[in-house]
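Engineer: For reference, the file target34.cif (mmCIF, C-alpha atoms) is included below:
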```cif
data_start
#
loop_
_atom_site.label_atom_id
_atom_site.label_comp_id
_atom_site.auth_asym_id
_atom_site.auth_seq_id
_atom_site.Cartn_x
_atom_site.Cartn_y
_atom_site.Cartn_z
CA MET F 1 0.79 19.30 -10.61
CA GLY F 2 0.92 20.57 -14.15
CA ASP F 3 -2.48 21.00 -15.82
CA LEU F 4 -4.45 18.91 -13.29
CA VAL F 5 -7.84 20.43 -12.63
CA ASN F 6 -8.65 18.46 -9.52
CA ILE F 7 -7.21 15.75 -7.27
CA ALA F 8 -9.20 13.49 -4.96
CA ILE F 9 -7.62 12.03 -1.83
CA ILE F 10 -9.50 8.95 -0.59
CA GLY F 11 -8.92 8.47 3.13
CA ALA F 12 -8.33 11.10 5.81
CA GLY F 13 -5.97 9.11 8.01
CA CYS F 14 -2.35 10.00 8.72
CA GLY F 15 -1.13 9.53 5.15
CA GLY F 16 -4.22 10.97 3.52
CA GLN F 17 -4.17 14.21 5.46
CA ALA F 18 -0.44 14.69 4.86
CA ILE F 19 -0.74 14.09 1.10
CA ALA F 20 -3.86 16.27 0.84
CA GLY F 21 -2.22 19.11 2.75
CA TYR F 22 0.98 18.96 0.74
CA LEU F 23 -0.67 18.80 -2.69
CA ALA F 24 -3.04 21.62 -1.75
CA SER F 25 -0.11 23.73 -0.54
CA LYS F 26 1.43 23.36 -4.01
CA GLY F 27 -1.57 25.07 -5.57
CA ASN F 28 -3.57 22.00 -6.60
CA LYS F 29 -7.36 21.83 -6.26
CA VAL F 30 -7.76 19.02 -3.73
CA ASN F 31 -10.87 17.15 -2.57
CA LEU F 32 -10.58 15.02 0.59
CA TYR F 33 -12.93 12.06 1.15
CA ASN F 34 -13.43 9.92 4.23
CA ARG F 35 -16.16 7.33 4.74
CA SER F 36 -16.99 8.36 8.32
CA THR F 37 -17.70 11.99 9.14
CA ASP F 38 -16.21 11.81 12.66
CA ARG F 39 -12.63 12.05 11.38
CA ILE F 40 -13.35 14.94 9.00
CA ARG F 41 -16.01 16.93 10.87
CA LEU F 42 -13.58 19.71 11.83
CA LEU F 43 -11.95 19.64 8.39
CA MET F 44 -15.32 20.05 6.71
CA ARG F 45 -15.57 23.45 8.40
CA LYS F 46 -11.91 24.46 8.37
CA LYS F 47 -10.85 23.05 4.95
CA GLU F 48 -7.17 23.55 5.77
CA ILE F 49 -4.32 21.19 6.67
CA GLU F 50 -1.05 22.33 8.21
CA LEU F 51 2.12 20.25 7.95
CA GLN F 52 5.00 20.34 10.41
CA GLY F 53 8.19 18.36 10.89
CA GLU F 54 9.98 17.61 7.62
CA ILE F 55 7.51 19.85 5.74
CA HIS F 56 6.31 23.28 6.88
CA SER F 57 3.31 24.44 4.88
CA LYS F 58 -0.44 24.92 4.84
CA GLY F 59 -2.87 23.73 2.19
CA LYS F 60 -6.38 25.00 1.58
CA LEU F 61 -8.72 22.20 0.49
CA ASN F 62 -11.37 22.62 -2.19
CA LEU F 63 -13.80 20.11 -0.69
CA VAL F 64 -14.03 17.78 2.32
CA THR F 65 -16.79 15.20 2.03
CA ASN F 66 -18.07 11.73 2.90
CA ASP F 67 -19.69 11.42 -0.55
CA ILE F 68 -17.26 9.49 -2.76
CA SER F 69 -19.03 10.40 -6.01
CA GLU F 70 -18.76 14.09 -5.15
CA ALA F 71 -15.09 13.69 -4.21
CA VAL F 72 -13.98 12.17 -7.52
CA ARG F 73 -16.27 14.00 -9.92
CA GLY F 74 -14.21 15.85 -12.54
CA THR F 75 -10.85 14.79 -11.11
CA GLU F 76 -7.92 13.52 -13.11
CA LEU F 77 -5.95 11.97 -10.24
CA ILE F 78 -7.38 9.88 -7.40
CA MET F 79 -4.93 9.08 -4.58
CA VAL F 80 -6.23 6.20 -2.43
CA VAL F 81 -4.56 6.49 0.97
CA THR F 82 -6.25 3.87 3.13
CA THR F 83 -5.21 0.55 4.63
CA ALA F 84 -4.94 -2.07 1.90
CA THR F 85 -7.74 -4.09 3.53
CA GLY F 86 -10.06 -1.28 2.44
CA HIS F 87 -9.09 -1.39 -1.26
CA TYR F 88 -11.83 -3.81 -2.30
CA ASP F 89 -14.60 -1.76 -0.67
CA ILE F 90 -13.18 1.51 -2.01
CA ALA F 91 -13.04 0.09 -5.55
CA THR F 92 -16.59 -1.22 -5.29
CA ALA F 93 -17.81 2.19 -4.14
CA LEU F 94 -15.84 3.99 -6.87
CA ALA F 95 -16.79 1.77 -9.82
CA PRO F 96 -20.06 3.50 -10.82
CA HIS F 97 -18.58 6.99 -10.47
CA LEU F 98 -15.32 6.77 -12.41
CA GLN F 99 -14.91 8.75 -15.61
CA GLU F 100 -12.77 8.33 -18.72
CA GLU F 101 -9.01 8.77 -18.35
CA GLN F 102 -8.93 9.07 -14.56
CA THR F 103 -5.80 7.76 -12.83
CA ILE F 104 -6.00 5.96 -9.48
CA VAL F 105 -2.88 5.58 -7.33
CA LEU F 106 -2.86 3.18 -4.35
CA ASN F 107 -0.62 4.60 -1.60
CA PRO F 108 0.58 1.90 -1.07
CA GLY F 109 -0.81 -1.12 -2.90
CA ARG F 110 0.86 -3.66 -0.56
CA THR F 111 0.85 -6.96 -2.49
CA PHE F 112 -1.30 -7.12 -5.65
CA GLY F 113 -3.36 -4.12 -4.59
CA SER F 114 -3.76 -2.96 -8.19
CA LEU F 115 -4.88 -6.44 -9.25
CA GLU F 116 -7.49 -6.72 -6.49
CA PHE F 117 -8.62 -3.14 -7.15
CA MET F 118 -8.99 -3.84 -10.87
CA ASN F 119 -11.03 -6.98 -10.23
CA ALA F 120 -13.32 -5.13 -7.80
CA LEU F 121 -13.87 -2.30 -10.29
CA LEU F 122 -14.79 -4.76 -13.03
CA GLU F 123 -17.10 -6.68 -10.70
CA GLY F 124 -18.69 -3.33 -9.83
CA GLY F 125 -19.50 -2.66 -13.47
CA LEU F 126 -16.66 -0.34 -14.48
CA THR F 127 -17.10 0.93 -18.03
CA ALA F 128 -14.69 3.90 -18.09
CA ASP F 129 -11.13 3.53 -19.38
CA VAL F 130 -9.10 4.24 -16.23
CA THR F 131 -5.53 3.65 -15.09
CA ILE F 132 -4.56 1.98 -11.79
CA ALA F 133 -1.14 2.41 -10.19
CA GLU F 134 0.28 1.00 -6.98
CA ALA F 135 3.06 2.57 -4.96
CA ASN F 136 5.44 0.20 -3.20
CA THR F 137 5.27 2.22 0.03
CA LEU F 138 3.70 5.34 1.53
CA ILE F 139 5.91 8.33 0.78
CA TYR F 140 5.62 9.76 4.31
CA ALA F 141 6.19 8.56 7.83
CA THR F 142 3.57 10.76 9.45
CA ARG F 143 1.23 11.15 12.41
CA ILE F 144 -1.85 13.30 12.99
CA ILE F 145 -1.43 15.68 15.93
CA LYS F 146 -5.06 16.75 15.59
CA PRO F 147 -7.45 17.01 12.62
CA GLY F 148 -5.82 19.41 10.18
CA LEU F 149 -2.33 19.23 11.74
CA SER F 150 0.05 16.53 10.50
CA ASP F 151 3.57 15.85 11.77
CA VAL F 152 5.67 14.54 8.87
CA LYS F 153 8.47 12.61 10.56
CA GLY F 154 10.15 11.37 7.39
CA ILE F 155 9.98 11.45 3.60
CA LYS F 156 11.13 8.50 1.49
CA ASN F 157 13.93 9.29 -0.97
CA SER F 158 12.34 7.08 -3.61
CA VAL F 159 9.07 5.24 -4.14
CA SER F 160 8.62 2.69 -6.92
CA LEU F 161 5.36 2.68 -8.84
CA SER F 162 3.76 0.19 -11.22
CA VAL F 163 0.84 0.82 -13.53
CA ILE F 164 -1.99 -1.16 -15.12
CA PRO F 165 -2.06 -0.89 -18.13
CA ASN F 166 1.71 -1.03 -18.07
CA HIS F 167 2.27 1.11 -21.19
CA ARG F 168 0.92 4.15 -19.29
CA THR F 169 3.69 4.07 -16.68
CA SER F 170 5.63 7.07 -18.02
CA GLN F 171 2.41 9.06 -18.30
CA VAL F 172 1.55 8.48 -14.62
CA ILE F 173 5.10 9.15 -13.44
CA SER F 174 5.10 12.43 -15.38
CA MET F 175 1.82 13.39 -13.74
CA LEU F 176 3.18 12.74 -10.24
CA ASN F 177 6.74 14.00 -10.62
CA GLU F 178 5.94 17.70 -10.68
CA ASP F 179 5.11 17.56 -6.96
CA TYR F 180 6.57 14.16 -6.07
CA PRO F 181 9.90 13.59 -7.87
CA GLN F 182 10.48 10.58 -5.59
CA PHE F 183 8.15 8.39 -7.68
CA TYR F 184 9.80 6.27 -10.36
CA GLY F 185 8.36 3.61 -12.64
CA VAL F 186 9.19 -0.10 -12.56
CA GLU F 187 8.54 -2.84 -15.09
CA ASN F 188 5.20 -4.07 -13.72
CA PHE F 189 3.12 -4.73 -10.62
CA LEU F 190 5.08 -7.87 -9.72
CA THR F 191 8.03 -5.64 -8.78
CA THR F 192 6.07 -3.35 -6.46
CA SER F 193 3.94 -6.16 -5.04
CA LEU F 194 6.78 -8.58 -4.31
CA GLY F 195 8.79 -5.63 -3.02
CA ASN F 196 6.32 -5.23 -0.13
CA ILE F 197 8.78 -5.23 2.75
CA GLY F 198 6.28 -4.01 5.36
CA ALA F 199 4.72 -7.47 5.20
CA VAL F 200 8.05 -8.86 6.42
CA PHE F 201 9.00 -6.24 9.01
CA HIS F 202 5.71 -5.70 10.82
CA PRO F 203 4.29 -9.19 11.42
CA THR F 204 7.67 -10.69 12.29
CA ILE F 205 8.56 -8.14 14.97
CA THR F 206 5.00 -8.17 16.34
CA LEU F 207 4.51 -11.92 16.55
CA LEU F 208 8.01 -12.68 17.83
CA ASN F 209 7.44 -10.21 20.66
CA GLU F 210 4.17 -11.91 21.50
CA GLU F 211 4.56 -12.00 25.29
CA ARG F 212 5.69 -8.38 25.59
CA ILE F 213 2.71 -7.17 23.59
CA ARG F 214 0.28 -9.42 25.44
CA ASN F 215 1.61 -7.99 28.71
CA LYS F 216 1.33 -4.44 27.27
CA GLU F 217 5.01 -3.87 27.98
CA PRO F 218 6.18 -0.50 26.58
CA PHE F 219 9.09 -0.88 24.17
CA ASP F 220 10.50 0.68 21.00
CA PHE F 221 9.12 -1.40 18.13
CA TYR F 222 12.25 -1.47 15.97
CA ARG F 223 15.12 -0.76 18.34
CA ASP F 224 13.95 -3.05 21.14
CA GLY F 225 11.70 -5.43 19.22
CA ALA F 226 14.16 -6.27 16.43
CA THR F 227 16.50 -8.42 18.49
CA ARG F 228 19.18 -10.46 16.73
CA GLU F 229 16.95 -13.55 16.95
CA VAL F 230 14.01 -11.65 15.46
CA VAL F 231 16.19 -10.24 12.67
CA ASP F 232 17.49 -13.75 11.86
CA TYR F 233 13.90 -14.99 11.49
CA MET F 234 13.01 -11.90 9.44
CA GLU F 235 15.79 -12.70 6.99
CA GLN F 236 14.39 -16.22 6.54
CA VAL F 237 10.97 -14.73 5.70
CA ASP F 238 12.68 -12.33 3.33
CA ASN F 239 14.59 -15.12 1.61
CA GLU F 240 11.28 -16.85 0.86
CA ARG F 241 9.82 -13.60 -0.54
CA ARG F 242 12.82 -13.03 -2.81
CA THR F 243 12.84 -16.67 -3.98
CA ILE F 244 9.20 -16.28 -5.06
CA ALA F 245 10.06 -13.06 -6.88
CA ARG F 246 12.98 -14.65 -8.73
CA SER F 247 10.73 -17.54 -9.76
CA PHE F 248 8.57 -14.99 -11.57
CA GLY F 249 11.57 -13.30 -13.16
CA VAL F 250 11.62 -10.35 -10.75
CA GLU F 251 14.62 -9.20 -8.73
CA VAL F 252 13.56 -7.29 -5.61
CA GLN F 253 15.71 -5.59 -3.01
CA SER F 254 16.52 -7.28 0.28
CA LEU F 255 15.25 -5.68 3.48
CA LYS F 256 18.66 -4.15 4.14
CA GLU F 257 19.00 -2.79 0.60
CA TRP F 258 15.51 -1.28 0.76
CA LEU F 259 16.15 0.43 4.11
CA CYS F 260 19.50 1.85 3.09
CA GLU F 261 18.19 3.25 -0.20
CA ARG F 262 14.89 4.68 1.06
CA TYR F 263 16.39 6.34 4.13
CA SER F 264 19.94 7.10 2.90
CA LEU F 265 21.52 4.86 5.53
CA PRO F 266 25.14 3.66 5.36
CA ASN F 267 25.58 0.12 4.05
CA SER F 268 25.50 -2.20 7.06
CA SER F 269 23.80 -5.31 8.41
CA LEU F 270 20.00 -5.46 8.60
CA PHE F 271 20.23 -5.39 12.40
CA ASP F 272 22.30 -2.18 12.34
CA ALA F 273 20.10 -0.57 9.66
CA LEU F 274 16.97 -1.14 11.75
CA HIS F 275 18.60 0.16 14.92
CA ASN F 276 20.33 3.17 13.35
CA ASN F 277 17.46 4.48 11.22
CA PRO F 278 16.59 7.85 12.80
CA PHE F 279 13.06 7.72 11.35
CA TYR F 280 12.34 4.58 13.40
CA ALA F 281 13.51 6.09 16.70
CA GLY F 282 10.73 6.40 19.25
CA LEU F 283 8.15 4.37 17.33
CA THR F 284 6.46 2.50 20.15
CA ALA F 285 5.25 -1.06 19.87
CA PRO F 286 1.53 -1.83 19.75
CA THR F 287 -0.20 -2.98 22.92
CA THR F 288 -2.69 -5.14 21.04
CA PHE F 289 -2.56 -7.65 18.20
CA ASP F 290 -5.70 -6.18 16.66
CA MET F 291 -3.89 -3.56 14.61
CA ARG F 292 -2.65 -3.08 11.05
CA TYR F 293 0.75 -4.79 11.53
CA LEU F 294 -1.28 -8.01 11.54
CA THR F 295 -4.78 -7.12 10.28
CA GLU F 296 -3.35 -5.44 7.15
CA ASP F 297 0.08 -6.93 6.55
CA ILE F 298 -0.96 -10.57 6.96
CA PRO F 299 -3.94 -10.69 4.55
CA THR F 300 -2.56 -8.21 1.98
CA GLY F 301 1.10 -9.20 2.25
CA LEU F 302 2.03 -12.59 3.64
CA VAL F 303 -1.07 -14.41 2.36
CA PRO F 304 -0.46 -13.52 -1.32
CA PHE F 305 3.26 -14.29 -0.86
CA SER F 306 2.35 -17.74 0.45
CA GLU F 307 -0.33 -18.34 -2.20
CA LEU F 308 2.04 -17.42 -5.00
CA GLY F 309 4.79 -19.60 -3.54
CA LYS F 310 2.53 -22.62 -3.20
CA SER F 311 1.30 -22.26 -6.76
CA ILE F 312 4.85 -22.81 -8.07
CA GLY F 313 6.22 -25.10 -5.37
CA VAL F 314 8.35 -22.65 -3.35
CA ASP F 315 8.80 -23.54 0.33
CA THR F 316 7.19 -20.79 2.48
CA ARG F 317 7.39 -22.41 5.92
CA TYR F 318 8.48 -19.21 7.71
CA ILE F 319 5.79 -17.09 6.04
CA ASP F 320 3.17 -19.77 6.76
CA GLU F 321 4.14 -19.93 10.43
CA LEU F 322 3.48 -16.19 10.80
CA ILE F 323 0.11 -16.49 9.05
CA GLU F 324 -0.89 -19.34 11.35
CA LYS F 325 0.28 -17.53 14.50
CA ALA F 326 -1.64 -14.37 13.57
CA SER F 327 -4.77 -16.34 12.65
CA GLU F 328 -4.67 -18.16 15.96
CA GLU F 329 -3.98 -15.00 17.96
CA LEU F 330 -6.85 -13.03 16.42
CA LYS F 331 -9.18 -15.99 15.72
CA VAL F 332 -9.36 -14.97 12.06
CA ASP F 333 -8.82 -17.20 9.03
CA PHE F 334 -6.50 -14.77 7.23
CA ARG F 335 -5.79 -17.20 4.42
CA SER F 336 -9.44 -17.43 3.35
CA GLN F 337 -10.15 -13.74 3.97
CA GLY F 338 -6.94 -12.35 2.51
CA ARG F 339 -5.67 -11.88 -1.03
CA ASN F 340 -5.69 -15.52 -2.02
CA LEU F 341 -5.52 -16.59 -5.65
CA ASN F 342 -9.28 -16.78 -6.07
CA ARG F 343 -9.79 -13.25 -4.78
CA LEU F 344 -7.07 -12.00 -7.10
CA GLY F 345 -8.65 -13.70 -10.12
CA LEU F 346 -5.71 -16.08 -10.54
CA ASP F 347 -5.50 -19.83 -11.06
CA ALA F 348 -2.53 -21.83 -9.79
CA LYS F 349 -2.56 -23.95 -12.96
CA THR F 350 -2.27 -20.93 -15.25
CA ILE F 351 -0.54 -18.48 -12.91
CA PHE F 352 2.23 -17.44 -15.29
CA GLU F 353 -0.19 -16.91 -18.18
CA ASP F 354 -2.69 -14.98 -16.00
CA LEU F 355 0.01 -12.61 -14.79
CA ARG F 356 1.39 -12.19 -18.31
CA ILE F 357 -2.06 -11.18 -19.55
CA VAL F 358 -2.34 -8.49 -16.89
CA SER F 359 1.14 -7.14 -17.57
CA GLU F 360 0.41 -6.79 -21.30
CA LEU F 361 -3.07 -5.21 -21.17
CA GLU F 362 -3.83 -2.28 -23.44
CA THR F 363 -6.91 -1.31 -21.41
CA ILE F 364 -8.26 -2.62 -18.11
CA THR F 365 -11.54 -3.76 -19.64
CA GLU F 366 -9.57 -6.25 -21.75
CA TYR F 367 -8.92 -8.25 -18.59
CA LYS F 368 -12.57 -9.08 -18.05
CA ALA F 369 -12.77 -10.52 -21.56
CA ALA F 370 -9.48 -12.40 -21.15
CA VAL F 371 -10.28 -14.11 -17.85
CA GLY F 372 -14.03 -13.63 -17.55
CA ALA F 373 -14.48 -17.06 -16.00
CA ILE F 374 -12.58 -15.86 -12.92
CA VAL F 375 -13.58 -12.19 -12.58
CA GLY F 376 -17.07 -11.88 -11.14
CA GLY F 377 -17.18 -15.59 -10.32
CA GLU F 378 -18.80 -16.47 -13.65
#
```
Would you mind writing the file's structure down as structure tokens?

Structural biologist:
Amino acid sequence: MGDLVNIAIIGAGCGGQAIAGYLASKGNKVNLYNRSTDRIRLLMRKKEIELQGEIHSKGKLNLVTNDISEAVRGTELIMVVTTATGHYDIATALAPHLQEEQTIVLNPGRTFGSLEFMNALLEGGLTADVTIAEANTLIYATRIIKPGLSDVKGIKNSVSLSVIPNHRTSQVISMLNEDYPQFYGVENFLTTSLGNIGAVFHPTITLLNEERIRNKEPFDFYRDGATREVVDYMEQVDNERRTIARSFGVEVQSLKEWLCERYSLPNSSLFDALHNNPFYAGLTAPTTFDMRYLTEDIPTGLVPFSELGKSIGVDTRYIDELIEKASEELKVDFRSQGRNLNRLGLDAKTIFEDLRIVSELETITEYKAAVGAIVGGE
């Protein structure tokens, strides 16, 4: 990756191990961090990740650790590859250890990941001038066969990326493109955040197949779960998402457009795209509701969609119904615990101005001065 001295991968799950193994195989000096040692115990001894499937390679890791300060020390690029619900805690842990000119990439950010991450860093006392980017989606569809062996089932053709501060977008894209030419820059974080299609796909299919999942019925998540009725509902949710985006001057792809572009599928209906995508074949449905299709995609996807819509008077009845169903199913108040306006440092009365300020920042530390009454709860 050009002149990079060191890269830190935060999170040793499916995506983290695949990205760490690939970047190490390309000759980069890669540190891998995971909070718990159980997942990385073998890797701490072996320090090697093998990739199979769409990629065949091996990467030797420089360091495998559960010490986040050790993992990021001296690095130029920090790839955060965890569930979005972990972003706040990761940022809080990172804040005292970040150094000047480091770049952090959230893989993916889901909705407003970079904004929440920035707020958490500032609350944690960040003083270094860093850059935060959020990817619209995870570049790989991947599974761990065993620690140190990842099966890469698919690679996205393109992944949009936004950056805070926005004027550093080309710099970050240039940094990534040597090993990941799929990344391309977009205007700002509203485009990546409101382009979060996982928040539409996952909760809709899961919650509208409620009885099958409750009965632990085995079925293919996309090909069996995305019935015509489910797809019709999904398109209503998607219409609300795109209406919100347009209200903020952002044009985002529809679900069908996104699928066809990312996976090189022929132009067809959403139903056909879901059923004919070879990368979705054989992906089994969950047998519990306590999993990331709800515990991640509701609080970091549908909740901020709904909050943004309500702040400007957009009807989000379909999105709200999914939030309510998930909250009831899991006995969790996702709206209060998720990325609501307060957590994101936004005010419904000044929403357009708040978002404009973020999109025009020269440095991240400017934000604390600009909206100090919100950040840190002052």

Engineer: Find the nearest atom pair between each residue of range 218-297 of chain F and range 149-162 of chain F for residues within 8 Å, count all atoms listed in the file, give distances in Å to one decimal, sort rows by chain and ascending number, and present the table as CSV.

Structural biologist:
```
residue,atom,partner,partner_atom,distance
F:Glu261,CA,F:Asn157,CA,7.4
F:Arg262,CA,F:Asn157,CA,5.1
F:Tyr263,CA,F:Lys156,CA,6.3
F:Ser264,CA,F:Asn157,CA,7.5
F:Phe279,CA,F:Gly154,CA,6.1
```

Engineer: Residues picked by the PyMOL selection byres ((chain F and resi 278) around 12) here, as JSON, numbers by chain?

Structural biologist: {"F": [141, 153, 154, 155, 222, 223, 259, 260, 263, 264, 265, 272, 273, 274, 275, 276, 277, 279, 280, 281, 282, 283]}

Engineer: Could those selected residues go to a file with C-alpha atoms, as a JSON list (two decimals), in the frame of the given file?

Structural biologist:
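Output file part09.json is given in full below:
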```
[["chain", "number", "residue", "atom", "x", "y", "z"],
["F", 141, "ALA", "CA", 6.19, 8.56, 7.83],
["F", 153, "LYS", "CA", 8.47, 12.61, 10.56],
["F", 154, "GLY", "CA", 10.15, 11.37, 7.39],
["F", 155, "ILE", "CA", 9.98, 11.45, 3.60],
["F", 222, "TYR", "CA", 12.25, -1.47, 15.97],
["F", 223, "ARG", "CA", 15.12, -0.76, 18.34],
["F", 259, "LEU", "CA", 16.15, 0.43, 4.11],
["F", 260, "CYS", "CA", 19.50, 1.85, 3.09],
["F", 263, "TYR", "CA", 16.39, 6.34, 4.13],
["F", 264, "SER", "CA", 19.94, 7.10, 2.90],
["F", 265, "LEU", "CA", 21.52, 4.86, 5.53],
["F", 272, "ASP", "CA", 22.30, -2.18, 12.34],
["F", 273, "ALA", "CA", 20.10, -0.57, 9.66],
["F", 274, "LEU", "CA", 16.97, -1.14, 11.75],
["F", 275, "HIS", "CA", 18.60, 0.16, 14.92],
["F", 276, "ASN", "CA", 20.33, 3.17, 13.35],
["F", 277, "ASN", "CA", 17.46, 4.48, 11.22],
["F", 279, "PHE", "CA", 13.06, 7.72, 11.35],
["F", 280, "TYR", "CA", 12.34, 4.58, 13.40],
["F", 281, "ALA", "CA", 13.51, 6.09, 16.70],
["F", 282, "GLY", "CA", 10.73, 6.40, 19.25],
["F", 283, "LEU", "CA", 8.15, 4.37, 17.33]]
```

Engineer: Determine the residue set returned by the PyMOL selection byres ((chain F and resi 124) around 12) for the present structure, and present it as a PDB file with C-alpha atoms, keeping the file's coordinate frame.

Structural biologist:
```
ATOM      1  CA  TYR F  88     -11.830  -3.810  -2.300  1.00  0.00           C
ATOM      2  CA  ASP F  89     -14.600  -1.760  -0.670  1.00  0.00           C
ATOM      3  CA  ILE F  90     -13.180   1.510  -2.010  1.00  0.00           C
ATOM      4  CA  ALA F  91     -13.040   0.090  -5.550  1.00  0.00           C
ATOM      5  CA  THR F  92     -16.590  -1.220  -5.290  1.00  0.00           C
ATOM      6  CA  ALA F  93     -17.810   2.190  -4.140  1.00  0.00           C
ATOM      7  CA  LEU F  94     -15.840   3.990  -6.870  1.00  0.00           C
ATOM      8  CA  ALA F  95     -16.790   1.770  -9.820  1.00  0.00           C
ATOM      9  CA  PRO F  96     -20.060   3.500 -10.820  1.00  0.00           C
ATOM     10  CA  HIS F  97     -18.580   6.990 -10.470  1.00  0.00           C
ATOM     11  CA  LEU F  98     -15.320   6.770 -12.410  1.00  0.00           C
ATOM     12  CA  PHE F 117      -8.620  -3.140  -7.150  1.00  0.00           C
ATOM     13  CA  MET F 118      -8.990  -3.840 -10.870  1.00  0.00           C
ATOM     14  CA  ASN F 119     -11.030  -6.980 -10.230  1.00  0.00           C
ATOM     15  CA  ALA F 120     -13.320  -5.130  -7.800  1.00  0.00           C
ATOM     16  CA  LEU F 121     -13.870  -2.300 -10.290  1.00  0.00           C
ATOM     17  CA  LEU F 122     -14.790  -4.760 -13.030  1.00  0.00           C
ATOM     18  CA  GLU F 123     -17.100  -6.680 -10.700  1.00  0.00           C
ATOM     19  CA  GLY F 125     -19.500  -2.660 -13.470  1.00  0.00           C
ATOM     20  CA  LEU F 126     -16.660  -0.340 -14.480  1.00  0.00           C
ATOM     21  CA  THR F 127     -17.100   0.930 -18.030  1.00  0.00           C
ATOM     22  CA  ALA F 128     -14.690   3.900 -18.090  1.00  0.00           C
ATOM     23  CA  LYS F 368     -12.570  -9.080 -18.050  1.00  0.00           C
ATOM     24  CA  VAL F 375     -13.580 -12.190 -12.580  1.00  0.00           C
ATOM     25  CA  GLY F 376     -17.070 -11.880 -11.140  1.00  0.00           C
TER      26      GLY F 376
END
```

Engineer: Kindly indicate which residue among F:His202, F:Arg41, F:Arg228, F:Lys310 lies nearest to Lys349 in chain F, using all atoms listed in the file for the distances.

Structural biologist: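 Between F:His202, F:Arg41, F:Arg228, F:Lys310, the residue approaching Lys349 in chain F most closely is F:Lys310.
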
Engineer: Identify all residues satisfying the PyMOL selection byres ((chain F and resi 334) around 10) in the given file; provide them as a compact mmCIF listing (two decimals) with C-alpha atoms, keeping the file's coordinate frame.

Structural biologist:
```txt
# COMPACT_ATOMS: atom_id res chain seq x y z
CA LEU F 294 -1.28 -8.01 11.54
CA THR F 295 -4.78 -7.12 10.28
CA GLU F 296 -3.35 -5.44 7.15
CA ILE F 298 -0.96 -10.57 6.96
CA PRO F 299 -3.94 -10.69 4.55
CA THR F 300 -2.56 -8.21 1.98
CA LEU F 302 2.03 -12.59 3.64
CA VAL F 303 -1.07 -14.41 2.36
CA ILE F 323 0.11 -16.49 9.05
CA GLU F 324 -0.89 -19.34 11.35
CA ALA F 326 -1.64 -14.37 13.57
CA SER F 327 -4.77 -16.34 12.65
CA GLU F 328 -4.67 -18.16 15.96
CA LEU F 330 -6.85 -13.03 16.42
CA LYS F 331 -9.18 -15.99 15.72
CA VAL F 332 -9.36 -14.97 12.06
CA ASP F 333 -8.82 -17.20 9.03
CA ARG F 335 -5.79 -17.20 4.42
CA SER F 336 -9.44 -17.43 3.35
CA GLN F 337 -10.15 -13.74 3.97
CA GLY F 338 -6.94 -12.35 2.51
CA ARG F 339 -5.67 -11.88 -1.03
CA ASN F 340 -5.69 -15.52 -2.02
```

Engineer: Restricting the calculation to only C-alpha atoms: of F:Ile9, F:Glu251, F:Tyr367, F:Phe271, which residue gets closest to Lys29 in chain F?

Structural biologist: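 For Lys29 in chain F, the nearest of the given residues is F:Ile9.
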
Engineer: Enter the distance from CA of Leu346 in chain F to CA of Ile312 in chain F, in Å, rounded to one decimal.

Structural biologist: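 Between CA of Leu346 in chain F and CA of Ile312 in chain F the gap works out to 12.8 Å.
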
Engineer: Near Val72 in chain F, counting only C-alpha atoms, which residues have an atom at most 8 Å away, once you skip same-chain residues fewer than 4 positions from it, shown as JSON, numbers by chain?

Structural biologist: {"F": [7, 8, 31, 68, 78, 97, 98]}

Engineer: Restricting the calculation to only C-alpha atoms, which member of F:Leu77, F:Ala18, F:Ile132, F:Val200 is positioned closest to Leu255 in chain F?

Structural biologist: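 Among the listed residues, F:Val200 lies closest to Leu255 in chain F.
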
Engineer: Rounded to one decimal, what separation in Å do you get between CA of Arg110 in chain F and CA of Ser193 in chain F?

Structural biologist: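 Pair CA of Arg110 in chain F / CA of Ser193 in chain F returns 6.0 Å.
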
Engineer: Leaving out Phe248 in chain F and any residue of its chain fewer than 4 positions from it, which residues lie within 12 Å of it when counting all atoms listed in the file, given as a list in words?

Structural biologist: Asn188, Phe189, Leu190, Thr191, Ser193, Leu194, Arg241, Arg242, Thr243, Ile244, Val252, Phe305, Leu308, Gly309, Ser311, Ile312, Val314, Ile351, Phe352, Glu353, Leu355 and Arg356 of chain F

Engineer: Kindly export the residues of the current selection with C-alpha atoms, as a tab-separated table (two decimals), in the frame of the given file.

Structural biologist:
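Result file is selection_11.tsv:
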```
chain	number	residue	atom	x	y	z
F	188	ASN	CA	5.20	-4.07	-13.72
F	189	PHE	CA	3.12	-4.73	-10.62
F	190	LEU	CA	5.08	-7.87	-9.72
F	191	THR	CA	8.03	-5.64	-8.78
F	193	SER	CA	3.94	-6.16	-5.04
F	194	LEU	CA	6.78	-8.58	-4.31
F	241	ARG	CA	9.82	-13.60	-0.54
F	242	ARG	CA	12.82	-13.03	-2.81
F	243	THR	CA	12.84	-16.67	-3.98
F	244	ILE	CA	9.20	-16.28	-5.06
F	252	VAL	CA	13.56	-7.29	-5.61
F	305	PHE	CA	3.26	-14.29	-0.86
F	308	LEU	CA	2.04	-17.42	-5.00
F	309	GLY	CA	4.79	-19.60	-3.54
F	311	SER	CA	1.30	-22.26	-6.76
F	312	ILE	CA	4.85	-22.81	-8.07
F	314	VAL	CA	8.35	-22.65	-3.35
F	351	ILE	CA	-0.54	-18.48	-12.91
F	352	PHE	CA	2.23	-17.44	-15.29
F	353	GLU	CA	-0.19	-16.91	-18.18
F	355	LEU	CA	0.01	-12.61	-14.79
F	356	ARG	CA	1.39	-12.19	-18.31
```

Engineer: Produce the centre coordinates and the three edge lengths, each in Å to one decimal, of the box along x, y and z that contains all listed atoms of range 349-363 of chain F with 6 Å added on each side, as JSON.

Structural biologist:
```
{"center_x": -2.3, "center_y": -12.6, "center_z": -18.2, "size_x": 21.1, "size_y": 34.6, "size_z": 22.5}
```
